[in-house]
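Q: My structure file run21.txt, compact mmCIF, C-alpha atoms, is below:
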```
# COMPACT_ATOMS: atom_id res chain seq x y z
CA MET A 50 -31.38 28.37 42.99
CA GLY A 51 -28.76 26.17 41.29
CA GLU A 52 -29.13 24.81 37.79
CA ALA A 53 -29.96 21.29 39.00
CA ALA A 54 -32.68 22.55 41.33
CA THR A 55 -34.17 24.64 38.52
CA VAL A 56 -34.28 21.58 36.26
CA GLY A 57 -35.95 19.45 38.95
CA ARG A 58 -38.50 22.10 39.78
CA GLY A 59 -39.26 22.68 36.09
CA LEU A 60 -40.00 19.02 35.44
CA ALA A 61 -42.15 18.68 38.58
CA GLU A 62 -44.11 21.77 37.54
CA TRP A 63 -44.65 20.41 34.01
CA LEU A 64 -45.81 17.03 35.37
CA CYS A 65 -48.19 18.77 37.77
CA GLY A 66 -49.74 20.56 34.78
CA ARG A 67 -50.50 17.10 33.36
CA ASP A 68 -52.10 15.89 36.59
CA VAL A 69 -49.03 13.87 37.58
CA ALA A 70 -48.29 14.67 41.21
CA ALA A 71 -44.58 14.06 41.50
CA THR A 72 -41.43 15.13 43.22
CA VAL A 73 -38.28 15.26 41.13
CA GLU A 74 -34.83 14.76 42.56
CA VAL A 75 -31.91 15.61 40.30
CA LEU A 76 -29.22 12.98 40.79
CA GLY A 77 -26.60 14.49 38.51
CA ARG A 78 -25.62 15.59 35.08
CA ALA A 79 -23.90 13.40 32.50
CA THR A 80 -20.27 14.30 31.89
CA VAL A 81 -20.12 12.83 28.41
CA GLY A 82 -21.94 14.00 25.32
CA LEU A 83 -20.90 17.03 23.39
CA SER A 84 -24.22 18.52 22.38
CA GLN A 85 -27.33 18.08 24.53
CA GLU A 86 -27.92 18.58 28.25
CA THR A 87 -28.47 15.23 29.94
CA TRP A 88 -29.75 15.11 33.51
CA PHE A 89 -30.27 12.05 35.70
CA VAL A 90 -33.45 12.41 37.75
CA ARG A 91 -35.59 10.35 40.14
CA VAL A 92 -39.29 10.96 39.70
CA THR A 93 -41.43 9.91 42.65
CA THR A 94 -45.17 9.49 42.14
CA ALA A 95 -47.87 7.56 44.00
CA ALA A 96 -46.84 4.55 41.89
CA GLY A 97 -43.25 4.68 43.19
CA ASP A 98 -39.81 5.85 42.09
CA VAL A 99 -38.64 5.97 38.49
CA ASP A 100 -35.00 6.65 37.63
CA ALA A 101 -35.06 8.61 34.43
CA VAL A 102 -33.02 10.76 32.05
CA LEU A 103 -34.09 14.25 31.02
CA ARG A 104 -32.67 15.55 27.75
CA LEU A 105 -32.74 19.17 26.70
CA PRO A 106 -31.42 20.70 23.49
CA THR A 107 -28.61 23.24 23.40
CA PRO A 108 -27.81 25.85 20.74
CA ALA A 109 -25.27 23.34 19.38
CA SER A 110 -27.80 20.51 18.98
CA GLY A 111 -30.84 22.53 17.90
CA THR A 112 -34.37 21.72 19.02
CA ARG A 113 -35.00 19.28 16.17
CA ALA A 114 -32.61 16.81 17.76
CA ILE A 115 -35.05 16.30 20.64
CA VAL A 116 -38.08 15.81 18.40
CA THR A 117 -36.14 13.31 16.26
CA GLN A 118 -35.20 11.34 19.37
CA ARG A 119 -38.80 11.32 20.53
CA THR A 120 -40.01 10.02 17.14
CA ALA A 121 -37.31 7.36 16.96
CA LEU A 122 -37.91 6.12 20.51
CA GLN A 123 -41.62 5.81 19.77
CA ALA A 124 -40.86 3.91 16.55
CA VAL A 125 -38.63 1.31 18.26
CA ALA A 126 -40.77 0.92 21.40
CA GLY A 127 -41.98 -2.67 21.76
CA THR A 128 -39.59 -4.00 19.09
CA GLY A 129 -36.50 -6.12 19.72
CA VAL A 130 -34.31 -3.01 19.85
CA PRO A 131 -33.00 -2.32 23.35
CA ALA A 132 -33.68 1.37 23.86
CA PRO A 133 -34.81 3.64 26.70
CA GLY A 134 -38.56 3.83 27.17
CA LEU A 135 -40.10 7.22 26.48
CA LEU A 136 -41.86 8.46 29.64
CA TRP A 137 -42.83 12.06 28.88
CA PHE A 138 -42.07 14.59 26.18
CA ASP A 139 -42.91 18.07 25.00
CA ASP A 140 -42.13 19.05 21.40
CA GLY A 141 -42.82 22.74 21.97
CA ASP A 142 -41.36 25.59 23.98
CA ARG A 143 -44.32 26.50 26.20
CA ASN A 144 -42.96 24.63 29.18
CA PRO A 145 -40.72 25.51 32.14
CA PHE A 146 -37.60 24.87 30.04
CA SER A 147 -38.79 27.04 27.11
CA ARG A 148 -37.57 24.35 24.70
CA PRO A 149 -38.54 20.79 23.71
CA PHE A 150 -37.52 17.97 26.01
CA ILE A 151 -37.86 14.24 26.53
CA VAL A 152 -37.80 12.14 29.67
CA MET A 153 -36.87 8.51 29.22
CA THR A 154 -36.15 5.53 31.44
CA ARG A 155 -32.59 5.24 32.71
CA VAL A 156 -31.01 2.11 31.28
CA PRO A 157 -28.87 0.19 33.79
CA GLY A 158 -25.18 -0.10 33.01
CA THR A 159 -22.24 1.94 31.81
CA VAL A 160 -21.18 3.36 28.45
CA PRO A 161 -17.63 2.41 27.44
CA VAL A 162 -15.91 5.02 25.27
CA GLY A 163 -15.13 2.42 22.59
CA TRP A 164 -14.93 -1.31 21.90
CA HIS A 165 -11.20 -1.20 22.63
CA GLU A 166 -11.95 -0.54 26.33
CA LEU A 167 -13.69 -3.90 26.73
CA PRO A 168 -11.69 -7.05 27.46
CA GLU A 169 -12.28 -10.29 25.60
CA PRO A 170 -14.44 -12.37 25.57
CA ALA A 171 -16.92 -9.67 26.65
CA ARG A 172 -16.03 -7.52 23.64
CA THR A 173 -16.99 -10.16 21.06
CA CYS A 174 -20.08 -11.16 23.03
CA LEU A 175 -21.27 -7.55 23.20
CA ALA A 176 -20.38 -6.87 19.57
CA GLU A 177 -22.58 -9.79 18.54
CA GLN A 178 -25.44 -8.42 20.63
CA ALA A 179 -24.90 -5.00 19.06
CA ILE A 180 -25.12 -6.48 15.56
CA ASP A 181 -28.31 -8.31 16.52
CA ALA A 182 -29.76 -5.04 17.86
CA LEU A 183 -28.78 -3.29 14.63
CA ALA A 184 -30.44 -5.99 12.53
CA ALA A 185 -33.57 -5.66 14.69
CA LEU A 186 -33.54 -1.87 14.22
CA HIS A 187 -33.26 -2.23 10.46
CA ASP A 188 -36.36 -4.43 10.50
CA VAL A 189 -38.52 -1.66 12.02
CA ASP A 190 -40.85 0.29 9.73
CA PRO A 191 -39.05 3.60 8.95
CA ALA A 192 -42.17 5.41 7.70
CA PRO A 193 -42.84 7.43 10.91
CA LEU A 194 -39.47 9.15 10.49
CA GLY A 195 -40.25 10.57 7.06
CA GLU A 196 -38.84 10.22 3.58
CA PRO A 197 -35.71 8.07 3.13
CA VAL A 198 -32.35 9.76 2.72
CA THR A 199 -30.54 8.40 -0.35
CA PRO A 200 -26.75 7.91 -0.37
CA GLY A 201 -26.49 10.69 -2.97
CA PHE A 202 -28.39 13.14 -0.79
CA ASP A 203 -26.37 12.06 2.25
CA LEU A 204 -23.14 12.92 0.42
CA GLU A 205 -24.50 16.18 -0.97
CA ARG A 206 -25.67 17.31 2.48
CA LEU A 207 -22.34 16.46 4.06
CA GLY A 208 -20.56 18.34 1.27
CA ARG A 209 -22.70 21.43 1.94
CA ARG A 210 -21.91 21.29 5.66
CA LEU A 211 -18.21 20.97 4.94
CA ASP A 212 -18.37 23.91 2.53
CA ARG A 213 -19.76 26.09 5.32
CA ILE A 214 -16.73 25.30 7.49
CA GLY A 215 -14.26 26.80 5.05
CA PRO A 216 -11.11 25.53 3.32
CA LEU A 217 -10.95 21.77 3.69
CA PRO A 218 -7.96 19.54 4.33
CA PRO A 219 -6.78 18.25 0.91
CA VAL A 220 -7.37 14.64 2.03
CA VAL A 221 -11.05 15.42 2.59
CA THR A 222 -11.30 16.98 -0.86
CA GLY A 223 -9.75 13.83 -2.37
CA ALA A 224 -12.20 11.62 -0.49
CA LEU A 225 -15.20 13.69 -1.60
CA ALA A 226 -14.08 13.36 -5.23
CA TRP A 227 -13.77 9.58 -4.84
CA LEU A 228 -17.21 9.32 -3.22
CA SER A 229 -18.95 11.48 -5.79
CA ARG A 230 -17.80 9.18 -8.61
CA ARG A 231 -19.35 6.08 -7.01
CA ILE A 232 -22.68 7.08 -5.46
CA PRO A 233 -24.69 3.89 -4.87
CA ASP A 234 -28.33 3.56 -5.89
CA PRO A 235 -30.94 4.15 -3.20
CA PRO A 236 -31.29 1.05 -1.02
CA ALA A 237 -33.84 -1.56 -2.10
CA ARG A 238 -35.25 -1.53 1.41
CA PRO A 239 -34.73 1.67 3.41
CA ALA A 240 -34.55 1.29 7.18
CA ILE A 241 -34.34 3.42 10.29
CA VAL A 242 -30.71 4.45 10.38
CA HIS A 243 -29.58 5.30 13.91
CA GLY A 244 -26.86 7.58 12.57
CA ASP A 245 -24.37 7.13 15.43
CA PHE A 246 -24.49 3.43 16.20
CA ARG A 247 -21.20 2.68 17.98
CA MET A 248 -19.95 1.46 21.34
CA GLY A 249 -19.89 4.99 22.78
CA ASN A 250 -23.68 5.06 22.46
CA LEU A 251 -24.37 1.57 23.79
CA VAL A 252 -25.11 0.81 27.43
CA VAL A 253 -23.42 -2.29 28.80
CA ASP A 254 -24.28 -4.13 31.99
CA GLY A 255 -21.70 -6.88 32.54
CA GLU A 256 -21.77 -8.90 29.31
CA ARG A 257 -25.23 -7.70 28.36
CA LEU A 258 -26.13 -4.91 25.98
CA THR A 259 -28.96 -3.09 27.75
CA GLY A 260 -29.64 -0.08 25.59
CA VAL A 261 -28.92 1.96 22.51
CA LEU A 262 -28.72 5.69 23.24
CA ASP A 263 -28.54 9.00 21.35
CA TRP A 264 -31.20 8.78 18.67
CA GLU A 265 -31.01 12.42 17.59
CA LEU A 266 -29.55 11.57 14.17
CA ALA A 267 -32.07 8.82 13.39
CA ALA A 268 -33.58 8.97 9.90
CA PRO A 269 -34.78 6.56 7.23
CA GLY A 270 -31.98 5.65 4.87
CA ASP A 271 -29.47 3.04 3.77
CA PRO A 272 -29.00 0.51 6.60
CA LEU A 273 -25.43 -0.19 5.50
CA SER A 274 -24.41 3.28 6.63
CA ASP A 275 -25.03 2.16 10.24
CA LEU A 276 -23.15 -1.11 9.69
CA ALA A 277 -20.14 0.71 8.27
CA TRP A 278 -20.21 3.36 11.01
CA CYS A 279 -20.23 0.90 13.90
CA PHE A 280 -16.78 -0.39 12.86
CA ILE A 281 -15.18 2.99 12.16
CA PRO A 282 -12.62 3.87 14.82
CA VAL A 283 -14.02 7.10 16.25
CA TRP A 284 -11.24 7.07 18.86
CA GLU A 285 -9.33 3.77 18.71
CA PRO A 286 -9.63 0.77 16.34
CA PRO A 287 -12.48 -1.38 17.69
CA GLY A 288 -10.58 -4.68 17.72
CA VAL A 289 -13.59 -6.74 16.68
CA ASP A 290 -13.88 -9.30 13.87
CA GLU A 291 -15.59 -7.09 11.32
CA GLN A 292 -15.92 -9.83 8.71
CA ALA A 293 -17.63 -12.27 11.09
CA LEU A 294 -19.93 -9.56 12.41
CA THR A 295 -20.87 -8.45 8.90
CA LEU A 296 -21.77 -12.06 8.06
CA ARG A 297 -23.84 -12.23 11.23
CA TYR A 298 -25.66 -9.03 10.23
CA ALA A 299 -26.41 -10.48 6.77
CA GLU A 300 -27.77 -13.65 8.36
CA ARG A 301 -29.95 -11.76 10.83
CA THR A 302 -31.38 -9.37 8.23
CA GLY A 303 -31.61 -11.97 5.45
CA ALA A 304 -30.16 -9.42 3.06
CA PRO A 305 -26.72 -9.71 1.43
CA VAL A 306 -24.20 -7.02 2.30
CA GLY A 307 -22.61 -5.66 -0.86
CA PRO A 308 -18.90 -5.10 -0.13
CA GLU A 309 -18.62 -2.13 -2.50
CA ARG A 310 -21.67 -0.44 -1.01
CA LEU A 311 -20.34 -1.06 2.50
CA HIS A 312 -16.94 0.34 1.49
CA TRP A 313 -18.57 3.49 0.08
CA HIS A 314 -20.42 4.03 3.36
CA ARG A 315 -17.20 3.42 5.29
CA MET A 316 -15.49 6.17 3.33
CA LEU A 317 -18.48 8.46 3.81
CA GLY A 318 -18.31 7.66 7.52
CA TYR A 319 -14.69 8.76 7.70
CA VAL A 320 -15.53 12.03 5.97
CA ARG A 321 -18.41 12.53 8.41
CA LEU A 322 -16.02 11.93 11.29
CA ALA A 323 -13.66 14.51 9.82
CA TYR A 324 -16.59 16.93 9.61
CA PHE A 325 -17.38 16.40 13.31
CA ALA A 326 -13.75 17.15 14.19
CA LEU A 327 -13.71 20.28 12.02
CA ALA A 328 -17.08 21.51 13.32
CA GLY A 329 -16.13 20.88 16.95
CA THR A 330 -12.83 22.66 16.49
CA ARG A 331 -14.61 25.61 14.91
CA ALA A 332 -17.17 25.79 17.73
CA PHE A 333 -14.33 26.13 20.23
CA ASP A 334 -12.28 28.54 18.14
CA ASN A 335 -15.14 30.97 17.53
CA GLY A 336 -16.19 30.93 21.19
CA ARG A 337 -19.51 29.08 20.79
CA SER A 338 -18.22 26.49 23.23
CA ASP A 339 -15.60 26.48 25.97
CA ASP A 340 -15.41 22.68 25.99
CA PHE A 341 -11.72 21.68 25.80
CA ARG A 342 -12.76 18.33 24.31
CA LEU A 343 -13.92 20.21 21.23
CA ALA A 344 -10.59 22.03 21.15
CA ALA A 345 -8.83 18.66 21.30
CA LEU A 346 -10.86 17.25 18.41
CA ARG A 347 -8.44 19.01 16.02
CA LEU A 348 -5.85 16.46 17.17
CA GLN A 349 -8.09 13.58 16.17
CA LEU A 350 -8.53 14.96 12.65
CA PRO A 351 -5.10 13.82 11.31
CA VAL A 352 -5.67 10.41 12.91
CA THR A 353 -9.06 10.07 11.21
CA LEU A 354 -7.71 11.24 7.85
CA ASP A 355 -4.78 8.82 8.05
CA ARG A 356 -7.21 5.98 8.66
CA LEU A 357 -9.39 7.21 5.81
CA ALA A 358 -6.44 7.26 3.40
CA ALA A 359 -5.24 3.85 4.58
CA THR A 360 -8.71 2.38 4.04
CA LEU A 361 -8.93 3.89 0.58
CA ALA A 362 -5.50 2.50 -0.33
CA GLY A 363 -6.48 -0.95 1.00
CA ASP A 364 -3.97 -0.80 3.86
CA PRO A 365 -4.60 -1.90 7.45
CA VAL A 366 -5.86 0.77 9.85
CA ASP A 367 -4.12 1.45 13.15
CA MET B 298 26.14 36.72 30.48
CA THR B 299 24.18 36.98 27.22
CA PRO B 300 21.06 39.11 27.65
CA SER B 301 17.83 37.36 26.77
CA ARG B 302 15.58 38.87 24.10
CA GLU B 303 12.55 37.69 26.07
CA ALA B 304 11.17 39.57 29.06
CA TRP B 305 10.73 36.27 30.88
CA PRO B 306 11.25 32.61 29.96
CA ALA B 307 7.97 31.01 28.88
CA PRO B 308 7.16 27.47 30.00
CA THR B 309 7.19 24.91 27.22
CA PRO B 310 3.83 23.52 26.07
CA GLU B 311 5.07 20.09 27.13
CA ARG B 312 5.72 21.25 30.70
CA LEU B 313 2.33 22.95 30.92
CA ALA B 314 0.68 19.80 29.57
CA ASP B 315 2.35 17.63 32.22
CA ALA B 316 1.27 20.03 34.98
CA VAL B 317 -2.33 20.13 33.77
CA ALA B 318 -2.44 16.33 33.48
CA ALA B 319 -1.12 16.06 37.04
CA LEU B 320 -3.77 18.52 38.19
CA ALA B 321 -6.44 16.42 36.49
CA GLU B 322 -5.45 13.44 38.62
CA ARG B 323 -6.08 15.47 41.80
CA VAL B 324 -9.59 16.57 40.81
CA ALA B 325 -12.59 14.60 42.07
CA ALA B 326 -15.22 15.81 39.61
CA GLY B 327 -15.18 13.58 36.50
CA ASP B 328 -16.30 16.29 34.07
CA VAL B 329 -13.55 18.68 35.23
CA ARG B 330 -10.98 15.86 35.09
CA ALA B 331 -12.02 15.13 31.48
CA GLN B 332 -11.71 18.81 30.56
CA LEU B 333 -8.23 19.02 32.09
CA HIS B 334 -7.07 15.92 30.22
CA ALA B 335 -8.35 17.45 26.98
CA LEU B 336 -6.60 20.75 27.76
CA SER B 337 -3.40 18.88 28.51
CA ALA B 338 -3.57 17.20 25.09
CA VAL B 339 -4.10 20.55 23.35
CA LEU B 340 -1.13 22.10 25.19
CA ARG B 341 1.10 19.13 24.40
CA ASN B 342 0.53 19.68 20.69
CA ILE B 343 0.98 23.43 20.49
CA GLY B 344 3.56 24.25 17.84
CA ARG B 345 3.56 20.75 16.37
CA GLU B 346 1.06 21.75 13.67
CA THR B 347 3.89 23.38 11.73
CA LEU B 348 6.25 20.36 11.78
CA ASP B 349 7.34 19.35 8.25
CA GLY B 350 5.28 22.29 7.01
CA GLU B 351 7.14 22.60 3.71
CA ALA B 352 6.68 18.96 2.77
CA ARG B 353 3.05 19.02 3.82
CA ASN B 354 2.33 22.15 1.78
CA ARG B 355 3.98 20.61 -1.27
CA LEU B 356 2.01 17.37 -0.92
CA GLY B 357 -1.22 19.31 -0.38
CA ALA B 358 -0.65 21.29 -3.59
CA GLU B 359 0.19 18.13 -5.57
CA LEU B 360 -2.89 16.42 -4.20
CA ALA B 361 -5.13 19.32 -5.20
CA GLU B 362 -3.70 19.11 -8.74
CA ALA B 363 -4.29 15.34 -8.91
CA VAL B 364 -7.91 15.78 -7.76
CA THR B 365 -8.52 18.48 -10.37
CA ALA B 366 -6.93 16.30 -13.08
CA GLY B 367 -9.13 13.35 -12.05
CA ASP B 368 -6.04 11.17 -11.61
CA GLU B 369 -7.48 8.80 -9.05
CA GLN B 370 -4.47 6.55 -8.56
CA ARG B 371 -2.18 9.49 -7.88
CA THR B 372 -4.82 11.13 -5.69
CA ILE B 373 -5.01 8.09 -3.44
CA ALA B 374 -1.21 7.75 -3.24
CA LEU B 375 -0.82 11.43 -2.30
CA MET B 376 -3.68 11.28 0.21
CA ARG B 377 -1.89 8.37 1.88
CA GLU B 378 1.45 10.17 1.98
CA LEU B 379 0.08 13.49 3.23
CA ALA B 380 -2.19 11.92 5.85
CA ARG B 381 0.68 9.83 7.19
CA LEU B 382 2.87 12.92 7.54
CA ASP B 383 0.10 14.93 9.23
CA ARG B 384 -0.59 12.16 11.73
CA ALA B 385 3.09 11.71 12.55
CA ALA B 386 3.17 15.28 13.88
CA VAL B 387 0.44 14.70 16.46
CA ARG B 388 0.99 13.56 20.02
CA ALA B 389 -1.94 11.20 20.57
CA VAL B 390 -4.85 12.10 22.86
CA ASP B 391 -5.99 9.68 25.56
CA TRP B 392 -9.68 9.90 24.69
CA SER B 393 -10.72 7.54 27.45
CA ALA B 394 -9.40 10.10 29.94
CA ALA B 395 -10.55 13.13 27.95
CA SER B 396 -14.08 11.74 27.50
CA GLY B 397 -14.78 9.92 30.71
CA GLY B 398 -12.49 11.76 33.09
```
How does the structure come out when it is put into structure tokens?
A:
Amino acid sequence: MGEAATVGRGLAEWLCGRDVAATVEVLGRATVGLSQETWFVRVTTAAGDVDAVLRLPTPASGTRAIVTQRTALQAVAGTGVPAPGLLWFDDGDRNPFSRPFIVMTRVPGTVPVGWHELPEPARTCLAEQAIDALAALHDVDPAPLGEPVTPGFDLERLGRRLDRIGPLPPVVTGALAWLSRRIPDPPARPAIVHGDFRMGNLVVDGERLTGVLDWELAAPGDPLSDLAWCFIPVWEPPGVDEQALTLRYAERTGAPVGPERLHWHRMLGYVRLAYFALAGTRAFDNGRSDDFRLAALRLQLPVTLDRLAATLAGDPVD
Amino acid sequence: MTPSREAWPAPTPERLADAVAALAERVAAGDVRAQLHALSAVLRNIGRETLDGEARNRLGAELAEAVTAGDEQRTIALMRELARLDRAAVRAVDWSAASGG
């Protein structure tokens, strides 16, 4: 039996154990995403067909990623945040997959790699919708996700992860020194921070933002870390009016955006991006993954660090 | 005729990269196409990591000294210089192709 058939049969079996008589057709597997397994499925019950997405953890993501997504999706359900609806989940490993999983509704649309791929005026229109969605997210009660992460802890944790990788590029060391001298106070009002809020995790249907995906990094924390991250060029500069969108965010949330605090989070975001490149490169080099995209991430590292240094020096980023 | 020191002539990384990129365009499966584009980018950059190695090593050492000394202005200037040099060595990746196929 192929992998897809095994996945379909496993989900049908699990549903049957919960008195849901269903057939499951596996429609395909997502090609993007570097950590979790993502399967597109059609679940047919007496009530009709539901197109859904099954997510399973991998050794790279860890099982906690799935439980975090489940908690976050439950927290934003019924709010103004466009997100997939949670259909079924299992936090444990006593199921046909022997690991936690979630099944959520499939959001219609496509996921552009970055803002730069979208033509104007759709890009600005979608960026405004994204900012509105972010403001709505930051208005949701973060309590179900646990204790807030302070900026100081965020930096310390990232520093520990970088230490585990080994000798760091000197530019990263310089950035860490700069950050550690300016740690902002904990936010006055912590919020649910998505943790990877950017175009590559937003579903677009025409000129409409239909969903925010990939909630595995969600945690309570400083909302400005999300605002800074959504403008950081993960691949290419976004080409959106950051100043106007920041003003829009401040209007929607009713809270002023401190430029120094935002700048600190922008720098932290660049260091985080460098960490992802270093960690991905390492995963390929030590044989934990055969994904050539992880091997290629080493080539994005100098680009990210050049943008980091330009931002720190107050120069334009290209 | 001058004898070659090599048992056979190796293809250049650039040539291999072009061939892999061309192969990617003939593949129907999006995930395989994405992988081939990523592989092509890696091949295209093999050997380039050592370009300007002496200057980069010197800047890296100076930067480490500036960080240790707490000289922030010099740290930022050296970060800028080193990062610019590092980036100049890289042949850019087409991430749209390498991510989406």
Q: Near chain B, which residues of chain A fall within 9 Å when you count only C-alpha atoms, and what do they look like as number ranges by chain?
A: A: 79-82, 161-163, 166, 218-224, 226-227, 284-285, 340-359, 361-362
Q: Find the residues around Gly127 of chain A up to 12 Å (only C-alpha atoms counted), leave out those fewer than 6 positions away in its own chain, and share them as an MDAnalysis selection string.
A: chainID A and resid 133:135 185:186 189
Q: From the list A:Asp245, A:Asp140, A:Glu62, A:Asp339, which residue is nearest Pro106 of chain A when using all atoms listed in the file?
A: A:Asp140
Q: Which residues, written as an mmCIF file with C-alpha atoms, in the coordinates of the input, have at least one atom at most 7 Å from segment 317-319 of chain A, with all atoms listed in the file counted and residues fewer than 3 positions away on the same chain left out?
A:
```
data_model
loop_
_atom_site.group_PDB
_atom_site.id
_atom_site.type_symbol
_atom_site.label_atom_id
_atom_site.label_comp_id
_atom_site.auth_asym_id
_atom_site.auth_seq_id
_atom_site.Cartn_x
_atom_site.Cartn_y
_atom_site.Cartn_z
ATOM 1 C CA TRP A 278 -20.210 3.360 11.010
ATOM 2 C CA TRP A 313 -18.570 3.490 0.080
ATOM 3 C CA HIS A 314 -20.420 4.030 3.360
ATOM 4 C CA LEU A 322 -16.020 11.930 11.290
ATOM 5 C CA ALA A 323 -13.660 14.510 9.820
ATOM 6 C CA THR A 353 -9.060 10.070 11.210
ATOM 7 C CA LEU A 357 -9.390 7.210 5.810
#
```
Q: Atom CA of Ala101 of chain A to atom CA of Gly59 of chain A: how many Å, to one decimal?
A: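 The value is 14.8 Å.
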Q: Tell me, in Å to one decimal, how far atom CA of Gly129 of chain A is from atom CA of Glu169 of chain A.
A: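 Answer for the atom CA of Gly129 of chain A to atom CA of Glu169 of chain A separation: 25.3 Å.
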